[in-house]
file work_13.txt (compact mmCIF, C-alpha atoms)
# COMPACT_ATOMS: atom_id res chain seq x y z
CA GLN A 52 124.51 77.57 59.18
CA LYS A 53 125.11 74.28 57.40
CA GLU A 54 125.15 71.18 59.55
CA VAL A 55 128.61 70.20 58.30
CA GLU A 56 131.21 72.61 56.97
CA GLN A 57 134.26 71.48 55.03
CA ASP A 58 136.74 73.63 53.16
CA PRO A 59 136.50 72.49 49.52
CA GLY A 60 140.11 73.42 48.76
CA PRO A 61 141.62 72.59 46.39
CA LEU A 62 144.64 71.56 48.41
CA SER A 63 147.93 70.84 46.64
CA VAL A 64 150.92 69.36 48.48
CA PRO A 65 154.25 67.76 47.53
CA GLU A 66 154.74 64.04 47.91
CA GLY A 67 155.74 63.12 51.46
CA ALA A 68 153.93 66.05 53.08
CA ILE A 69 151.62 65.73 56.05
CA VAL A 70 148.07 66.60 55.05
CA SER A 71 145.50 67.95 57.46
CA LEU A 72 141.82 67.92 56.53
CA ASN A 73 139.03 69.02 58.81
CA CYS A 74 135.32 69.59 59.24
CA THR A 75 133.17 71.44 61.71
CA TYR A 76 129.59 70.62 62.54
CA SER A 77 126.70 72.13 64.43
CA ASN A 78 124.50 69.17 65.40
CA SER A 79 125.49 67.98 68.86
CA ALA A 80 123.55 64.74 68.29
CA PHE A 81 126.22 63.44 65.90
CA GLN A 82 128.00 60.47 67.47
CA TYR A 83 129.54 58.62 64.53
CA PHE A 84 132.21 60.23 62.38
CA MET A 85 133.63 58.96 59.14
CA TRP A 86 136.06 59.92 56.45
CA TYR A 87 135.54 58.74 52.91
CA ARG A 88 137.85 59.00 49.94
CA GLN A 89 136.31 59.49 46.51
CA TYR A 90 138.28 59.21 43.31
CA SER A 91 136.94 61.01 40.27
CA ARG A 92 133.70 59.44 39.03
CA LYS A 93 133.86 56.62 41.59
CA GLY A 94 131.90 55.78 44.72
CA PRO A 95 133.03 56.94 48.19
CA GLU A 96 135.39 54.51 49.90
CA LEU A 97 135.32 54.30 53.69
CA LEU A 98 138.72 55.26 55.16
CA MET A 99 138.18 55.85 58.85
CA TYR A 100 135.35 55.44 61.32
CA THR A 101 135.28 56.87 64.84
CA TYR A 102 132.62 56.70 67.50
CA SER A 103 132.36 59.75 69.79
CA SER A 104 135.53 61.66 70.77
CA GLY A 105 139.11 60.50 70.49
CA ASN A 106 141.80 59.48 68.05
CA LYS A 107 142.08 56.53 65.73
CA GLU A 108 145.09 55.53 63.68
CA ASP A 109 145.29 53.23 60.68
CA GLY A 110 148.58 53.14 58.83
CA ARG A 111 149.32 56.58 57.46
CA PHE A 112 145.88 57.91 58.44
CA THR A 113 144.83 59.39 61.78
CA ALA A 114 141.32 60.56 62.56
CA GLN A 115 140.57 62.88 65.47
CA VAL A 116 137.23 63.88 66.91
CA ASP A 117 136.75 66.74 69.37
CA LYS A 118 133.08 66.79 70.28
CA SER A 119 133.48 69.71 72.67
CA SER A 120 134.59 71.87 69.75
CA LYS A 121 132.45 70.06 67.17
CA TYR A 122 135.56 69.57 65.06
CA ILE A 123 136.96 66.52 63.30
CA SER A 124 140.24 66.04 61.48
CA LEU A 125 141.97 63.59 59.21
CA PHE A 126 145.75 63.53 58.99
CA ILE A 127 147.63 61.80 56.20
CA ARG A 128 151.33 61.15 56.79
CA ASP A 129 153.86 60.63 54.02
CA SER A 130 151.30 61.56 51.40
CA GLN A 131 151.51 59.78 48.05
CA PRO A 132 150.30 60.75 44.56
CA SER A 133 147.79 57.90 44.88
CA ASP A 134 146.19 59.84 47.77
CA SER A 135 145.01 62.45 45.26
CA ALA A 136 141.23 62.39 45.58
CA THR A 137 138.32 64.17 47.18
CA TYR A 138 138.02 63.55 50.91
CA LEU A 139 134.56 63.63 52.42
CA CYS A 140 133.74 63.89 56.08
CA ALA A 141 130.46 62.33 57.14
CA MET A 142 128.62 61.95 60.40
CA SER A 143 125.46 60.53 61.84
CA ALA A 144 123.39 60.49 64.98
CA ILE A 145 121.91 57.37 66.50
CA GLY A 146 118.59 57.11 64.81
CA GLY A 147 115.45 55.17 65.56
CA GLY A 148 115.06 51.95 63.60
CA SER A 149 118.86 51.65 63.24
CA ASN A 150 118.80 54.76 61.05
CA TYR A 151 122.32 56.08 60.65
CA LYS A 152 121.76 58.38 57.71
CA LEU A 153 124.89 60.33 56.93
CA THR A 154 125.33 64.07 56.67
CA PHE A 155 128.31 64.89 54.48
CA GLY A 156 130.63 67.81 54.06
CA LYS A 157 131.09 69.02 50.50
CA GLY A 158 134.52 67.39 50.26
CA THR A 159 138.09 68.64 49.96
CA LEU A 160 139.93 68.04 46.69
CA LEU A 161 143.51 66.97 47.43
CA THR A 162 146.33 66.73 44.91
CA VAL A 163 149.66 65.22 45.90
CA ASN A 164 152.39 66.19 43.46
CA PRO A 165 155.27 63.79 42.78
CA ASN S 190 132.84 40.63 44.00
CA ALA S 191 131.15 40.98 47.37
CA GLY S 192 130.81 44.75 47.18
CA VAL S 193 127.77 46.94 46.63
CA MET S 194 126.64 46.78 43.02
CA GLN S 195 124.72 49.41 41.13
CA ASN S 196 123.38 49.38 37.63
CA PRO S 197 123.30 50.87 35.21
CA ARG S 198 126.48 52.85 35.75
CA HIS S 199 125.37 55.49 33.27
CA LEU S 200 121.82 56.31 32.24
CA VAL S 201 120.63 58.85 29.71
CA ARG S 202 116.99 59.87 29.64
CA ARG S 203 114.98 62.53 27.86
CA ARG S 204 112.77 64.86 29.85
CA GLY S 205 109.53 63.16 30.81
CA GLN S 206 110.90 59.60 30.72
CA GLU S 207 111.31 57.30 33.69
CA ALA S 208 114.61 56.32 35.29
CA ARG S 209 115.05 53.11 37.30
CA LEU S 210 118.24 52.71 39.30
CA ARG S 211 119.15 49.42 40.94
CA CYS S 212 121.26 48.63 43.95
CA SER S 213 122.34 45.20 45.19
CA PRO S 214 123.73 45.44 48.72
CA MET S 215 126.82 43.68 50.01
CA LYS S 216 126.33 40.03 50.82
CA GLY S 217 124.75 39.72 54.23
CA HIS S 218 123.58 43.35 54.33
CA SER S 219 119.87 44.08 54.57
CA HIS S 220 119.83 47.87 54.97
CA VAL S 221 120.14 50.27 52.04
CA TYR S 222 120.59 54.02 51.89
CA TRP S 223 120.29 56.15 48.75
CA TYR S 224 122.19 59.42 48.34
CA ARG S 225 122.30 61.97 45.54
CA GLN S 226 125.35 63.98 44.53
CA LEU S 227 124.49 67.02 42.45
CA PRO S 228 127.24 68.80 40.51
CA GLU S 229 129.34 70.95 42.87
CA GLU S 230 127.30 69.69 45.83
CA GLY S 231 127.97 67.19 48.56
CA LEU S 232 126.21 63.89 48.96
CA LYS S 233 122.67 64.28 50.27
CA PHE S 234 120.63 61.59 51.98
CA MET S 235 117.47 60.56 50.18
CA VAL S 236 115.97 57.42 51.70
CA TYR S 237 116.72 54.55 54.06
CA LEU S 238 115.17 51.13 53.51
CA GLN S 239 115.21 47.74 55.11
CA LYS S 240 113.82 44.68 53.38
CA GLU S 241 110.19 45.46 52.43
CA ASN S 242 110.16 48.62 54.58
CA ILE S 243 110.84 52.29 54.00
CA ILE S 244 112.26 53.54 57.29
CA ASP S 245 113.10 57.16 56.48
CA GLU S 246 112.28 58.99 53.25
CA SER S 247 112.75 62.49 54.62
CA GLY S 248 115.32 63.34 51.93
CA MET S 249 113.21 62.29 48.98
CA PRO S 250 111.52 64.93 46.82
CA LYS S 251 107.80 64.74 47.46
CA GLU S 252 106.86 64.07 43.86
CA ARG S 253 108.14 61.78 41.12
CA PHE S 254 110.63 59.88 43.33
CA SER S 255 109.99 56.52 44.94
CA ALA S 256 112.10 53.70 46.35
CA GLU S 257 111.60 50.08 47.25
CA PHE S 258 113.60 47.17 48.61
CA PRO S 259 111.64 43.97 48.01
CA LYS S 260 112.11 40.72 49.85
CA GLU S 261 113.91 39.33 46.82
CA GLY S 262 116.02 41.31 44.40
CA PRO S 263 117.74 44.69 44.42
CA SER S 264 116.62 47.98 45.85
CA ILE S 265 115.20 50.27 43.19
CA LEU S 266 115.10 54.05 43.07
CA ARG S 267 112.53 55.20 40.56
CA ILE S 268 112.27 58.69 39.12
CA GLN S 269 109.20 59.41 37.03
CA GLN S 270 108.95 62.18 34.43
CA VAL S 271 112.59 63.17 34.80
CA VAL S 272 113.64 66.80 34.48
CA ARG S 273 117.07 68.26 33.78
CA GLY S 274 117.55 69.05 37.47
CA ASP S 275 117.51 65.31 38.21
CA SER S 276 120.88 64.95 36.45
CA ALA S 277 123.23 63.77 39.18
CA ALA S 278 125.17 60.81 40.52
CA TYR S 279 123.03 58.51 42.64
CA PHE S 280 124.78 56.31 45.15
CA CYS S 281 123.50 53.57 47.32
CA ALA S 282 125.19 52.31 50.47
CA SER S 283 124.53 49.17 52.45
CA THR S 284 125.03 48.13 56.04
CA GLY S 285 124.46 45.10 58.19
CA THR S 286 122.42 45.04 61.37
CA LEU S 287 125.05 47.17 63.15
CA GLY S 288 124.35 49.98 60.77
CA GLU S 289 126.80 52.70 61.61
CA THR S 290 129.33 51.96 58.84
CA GLN S 291 128.05 52.28 55.30
CA TYR S 292 129.72 50.88 52.20
CA PHE S 293 129.01 52.62 48.94
CA GLY S 294 128.46 51.36 45.44
CA PRO S 295 130.06 52.89 42.33
CA GLY S 296 127.01 55.03 41.61
CA THR S 297 124.68 55.59 38.68
CA ARG S 298 125.25 58.75 36.72
CA LEU S 299 121.96 60.01 35.35
CA LEU S 300 121.93 62.53 32.54
CA VAL S 301 118.63 64.07 31.51
CA LEU S 302 118.61 65.64 28.07
call {"tool": "encode", "arguments": {"input": "work_13.txt", "output": "C-alpha cells"}}
result
Amino acid sequence: QKEVEQDPGPLSVPEGAIVSLNCTYSNSAFQYFMWYRQYSRKGPELLMYTYSSGNKEDGRFTAQVDKSSKYISLFIRDSQPSDSATYLCAMSAIGGGSNYKLTFGKGTLLTVNP
Amino acid sequence: NAGVMQNPRHLVRRRGQEARLRCSPMKGHSHVYWYRQLPEEGLKFMVYLQKENIIDESGMPKERFSAEFPKEGPSILRIQQVVRGDSAAYFCASTGTLGETQYFGPGTRLLVL
C-alpha cells in the first residue's frame, strides 16, 4: 500500500463547478497536510496548509483533514479556467532536526472548461 | 524576486557526464529540501539540508548522487556519471526555522541523452 493515494484523474469540469479533490494516506504519524498546485512545467505552488484535523478556508479554496479516516480533501468553489492544473496533496510528520520531508500523492490533473 | 531560485532551468547531458543543479533558497530561509519528479510519477523526497549539514539523505540513491549546502552560496545537487534513468525534473524547496511549510523553486529539467 502506498503511503499516499491520490486519484490521478484526469478531471474535467465546466467553469463555475465545485471541484472536490482528495487523498488517502496510511501513515498515522502525518500531522501536516498541504495542497500544492502545479502548472505544466512549473514548480509546485503552495495553496493550503493545515495542521492536524479540521477545516481551513481561503477564498474559493477549502481544505479538510479527517485524521480518523486518514482522508484529506480540497474543494474549489466557482472554478475558473485558470484553475486548470495538477493538484498535489502532500503531508509530513514531525521529524527530528526540524525535518518535515514531504510525501506526495501523484497529483490530479484538473481541466476547467470555459 | 524573493522566491526560490534554481538554475539551470534545463540541462542536457550525455551518459557518463556530470550534472550540477543549484538552488538558492528564499531570503531568510536556511533549510533546503530536494525532490525528484520522474515522468508519470509523483514528487519524491531526496535529501534535506541545513547550512553545512546533511540532515536526512534517506531518499538519495546510494551511488552517484551527492548534495551540499555550504555556508555561503547555493545548495548543489550533484549527479555523477549520469544515466538515462536520471532524466527528470529536480525541485528544491526552502523553509525557515519553522519548517513545516515548504516553498518550491521552478525546477531543473535534466535530460540525459
call {"tool": "interface_residues", "arguments": {"input": "work_13.txt", "of": "chain A", "to": "chain S", "cutoff": "7 Å", "atoms": "all atoms listed in the file", "output": "ChimeraX atom specification"}}
result
/A:93-97,149,151-158
call {"tool": "write_last_selection", "arguments": {"input": "work_13.txt", "atoms": "C-alpha atoms", "output": "PDB file, in the coordinates of the input"}}
result
ATOM      1  CA  LYS A  93     133.860  56.620  41.590  1.00  0.00           C
ATOM      2  CA  GLY A  94     131.900  55.780  44.720  1.00  0.00           C
ATOM      3  CA  PRO A  95     133.030  56.940  48.190  1.00  0.00           C
ATOM      4  CA  GLU A  96     135.390  54.510  49.900  1.00  0.00           C
ATOM      5  CA  LEU A  97     135.320  54.300  53.690  1.00  0.00           C
ATOM      6  CA  SER A 149     118.860  51.650  63.240  1.00  0.00           C
ATOM      7  CA  TYR A 151     122.320  56.080  60.650  1.00  0.00           C
ATOM      8  CA  LYS A 152     121.760  58.380  57.710  1.00  0.00           C
ATOM      9  CA  LEU A 153     124.890  60.330  56.930  1.00  0.00           C
ATOM     10  CA  THR A 154     125.330  64.070  56.670  1.00  0.00           C
ATOM     11  CA  PHE A 155     128.310  64.890  54.480  1.00  0.00           C
ATOM     12  CA  GLY A 156     130.630  67.810  54.060  1.00  0.00           C
ATOM     13  CA  LYS A 157     131.090  69.020  50.500  1.00  0.00           C
ATOM     14  CA  GLY A 158     134.520  67.390  50.260  1.00  0.00           C
TER      15      GLY A 158
END
call {"tool": "atom_distance", "arguments": {"input": "work_13.txt", "atom1": "atom CA of Leu299 of chain S", "atom2": "atom CA of Gln195 of chain S"}}
result
12.4 Å
call {"tool": "residues_around", "arguments": {"input": "work_13.txt", "residues": "Arg253 of chain S", "least_positions_apart": "2", "cutoff": "8 Å", "atoms": "all atoms listed in the file", "output": "number ranges by chain"}}
result
S: 250-251, 255, 267-271
call {"tool": "atom_distance", "arguments": {"input": "work_13.txt", "atom1": "atom CA of Asn164 of chain A", "atom2": "atom CA of Asp129 of chain A"}}
result
12.0 Å
call {"tool": "residues_around", "arguments": {"input": "work_13.txt", "residues": "Gly60 of chain A", "least_positions_apart": "2", "cutoff": "10 Å", "atoms": "all atoms listed in the file", "output": "mmCIF file with C-alpha atoms, in the coordinates of the input"}}
result
data_model
loop_
_atom_site.group_PDB
_atom_site.id
_atom_site.type_symbol
_atom_site.label_atom_id
_atom_site.label_comp_id
_atom_site.auth_asym_id
_atom_site.auth_seq_id
_atom_site.Cartn_x
_atom_site.Cartn_y
_atom_site.Cartn_z
ATOM 1 C CA GLN A 57 134.260 71.480 55.030
ATOM 2 C CA ASP A 58 136.740 73.630 53.160
ATOM 3 C CA LEU A 62 144.640 71.560 48.410
ATOM 4 C CA SER A 63 147.930 70.840 46.640
ATOM 5 C CA LEU A 72 141.820 67.920 56.530
ATOM 6 C CA THR A 137 138.320 64.170 47.180
ATOM 7 C CA GLY A 158 134.520 67.390 50.260
ATOM 8 C CA THR A 159 138.090 68.640 49.960
ATOM 9 C CA LEU A 160 139.930 68.040 46.690
ATOM 10 C CA LEU A 161 143.510 66.970 47.430
ATOM 11 C CA THR A 162 146.330 66.730 44.910
#
call {"tool": "atom_distance", "arguments": {"input": "work_13.txt", "atom1": "atom CA of Lys260 of chain S", "atom2": "atom CA of Cys212 of chain S"}}
result
13.5 Å
call {"tool": "closest_residue", "arguments": {"input": "work_13.txt", "among": "A:Thr113, A:Pro65, A:Lys107, A:Tyr90", "to": "Tyr138 of chain A", "atoms": "only C-alpha atoms"}}
result
A:Tyr90
